[in-house]
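Asker: Quick one: the structure is below, questions incoming.
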Amino acid sequence: MIRYERTKGLTDNHTHYCPGCTHGILHKLVAEVLDELGVLGNTVGVASVGCSVFSYEYFNTDFQQAPHGRACATATGIKRVLPDRIVFTYQGDGDLGSIGIAEAIHAANRGENITVILANNATYGMTGGQMAPTTLIGQVSTTSQEGRDRIQHGAPLRISEIFGQIEAAAYVERVSLHDIGNVRKAKKAIKKAFTYQMEGKGFTMIEVISTCPVNWGMKPRQALDWAKEHMIPIYPLGVYKDVVPHD
Amino acid sequence: MSKVLMKGNEAIALAAVSAGLDAFFGYPITPQNEVPEYLSKYLVEKGKVFVQAESEVAAINMVYGAAGAGKRVMTSSSSVGIALKQEGISYMAGAELPCVIVSVMRAGPGLGGIQPSQGDYFQATRGGGNGDYHVVVFAPESIQETVDLIKEAFEVADQYRNPVMILADGLIGQMMESVDLDRPAKKRHIEPKSYATIGTNYHEGRNIITSLGLDPVYQEKHNLDLKKKYDEIRKHEVAFEMINMEHAEYVIVAYGTVARIARSSIEMLKEKGVNVGMIRPISLWPYPKKAFDLIPKSVKGILVAEMSLGQMLDDVLISNKGRLPVAFYGRAGGMVPEPEEIVDAILNFDSKVVES
């Protein structure tokens, strides 16, 4: 009896991600959810620019590669002309939180019926660890080499909080991948987001606290612990918007 | 077929709808606002897609998405907004996606003015986005021609899987003329859009729309394939008109509104006993270089007239190959020349020569 098998939502391609990178886990969760919901053949994904620029090699669906920051606009174009397909974006905190913040906010504000998967690792991973809007105060990066300074660089941007304020957003939750329990909760949240899309409820976003061991200069295990100890206090986990009232 | 009196921008909107427009993504900017305004009602009534995007950047990326999903898509803007679209246009050329982009030119550079201009010839024909690519560019001189070229543009875009631009100016966008909206474009053989990302349930394998090519061996091959495509376009899509060339002493080269004005200038010059012809490029890219090989021996000089300070002039100098003296007359900042100004430029040709 098969207890566990590789999800049909992922292709056989070997990923290029660094050892200990949580993109691998997140790809698997999204792929498993789409597979379990039975929508793989009806799904179009939008890849952004960052380490996950190659995500179209790994997800077993049709895909479009969007320019840096523009995935939510590209996804809008796809979903508007193919309203019965499942459309999602897969973006990092630099892509969505910096150059793509306008496109993301306005996709939410128009109530576009898409799902945004946001991997937040407080850095620009692909380009070698520059400071991102989400980089923590004191966190060293290649463009804040003395550590992020409140006066010079501002403060970490809390993305889920912003999107939770948008009236036309349907579901916004922040989750984390730093341990097994939270990985399970993350998968539940992702499934909820895609289910809301299938039910036509509107814009859904799951922000996923992720690690970047290489650019943080840490071992993978150390990076997971650092995310738990330092990122979670700044980026509290939880539901920031749900159009469906709950007790 | 009966004609209707219409504003240029509205005719642009209707022409696109009759060409089978599936989706329009735009943003407000003077002087083309009637295009999105009209489509916001008219397209939606037909059950098609209209989105006013949050910026011209977002709009071109929505066009990318919908084009990748296999639909007929259009965006419109003016000069400053077209500048914002350059990244998306380069991506669409690289990913080989079709679309129609309407630019209703206004004065620049920068915020400039809202009056008509031809100052974006370089922006349109020399690309403003990165990399080795071209946009097919058509320049109408009347609202009727705008309508006909828009219908043609969708066919060209689909046939070659490339963005096509209609380069108009504020005068064409805002003026009113009678138009026959029912003239269909010549049908072309267009391959079915088997590349479209519509879901793996609906086609073999996985469809991926991308312009990424990190391996230089692959990327060079891709660029060479694009070049082959552009060479095909150069061979088949050149369009121009030659007017009054028999025994002409001078040739005016002008496009769009300036060509229209020059037609009056030619009549005025005839009355003064000076016989002047005109080469009117309709395709700005690919540029009708071969028209310059057809200039009769009677011609002793070429006058380039533009609402700019010399952009198409460069293509004329290239096409002329040093054979004839070239003079230039231009207006800028939103000023539209009177026919008399072009008449004067011909009568004082030698004072306007830029290359003898």
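Letters for chains follow the order of the structure tokens (A, B, ...), residue numbers begin at 1 for each chain, and ligand numbers begin at 1 in the order shown.
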Name all residues at most 10 Å from Ala327 (chain B) (count only C-alpha atoms; drop same-chain ones fewer than 4 positions away) and give them as a list in words.

Answerer: Ile252, Gly301, Ile302, Leu303, Val304, Ala305, Leu313, Leu317, Ala345, Ile346, Asn348, Phe349, Asp350, Ser351, Lys352, Val353, Val354, Glu355 and Ser356 of chain B

Asker: Set the cut-off to 8 Å and count only C-alpha atoms: what are the residues of chain B that reach chain A? Output as an MDAnalysis selection string.

Answerer: chainID B and resid 22:23 49 54 58:59 61:66 68:69 71 88 91 197:202 206:212

Asker: Considering only C-alpha atoms, can you say which of A:Met198, A:Ala227, A:Cys51, A:Ile162 comes closest to Tyr124 (chain A)?

Answerer: A:Cys51
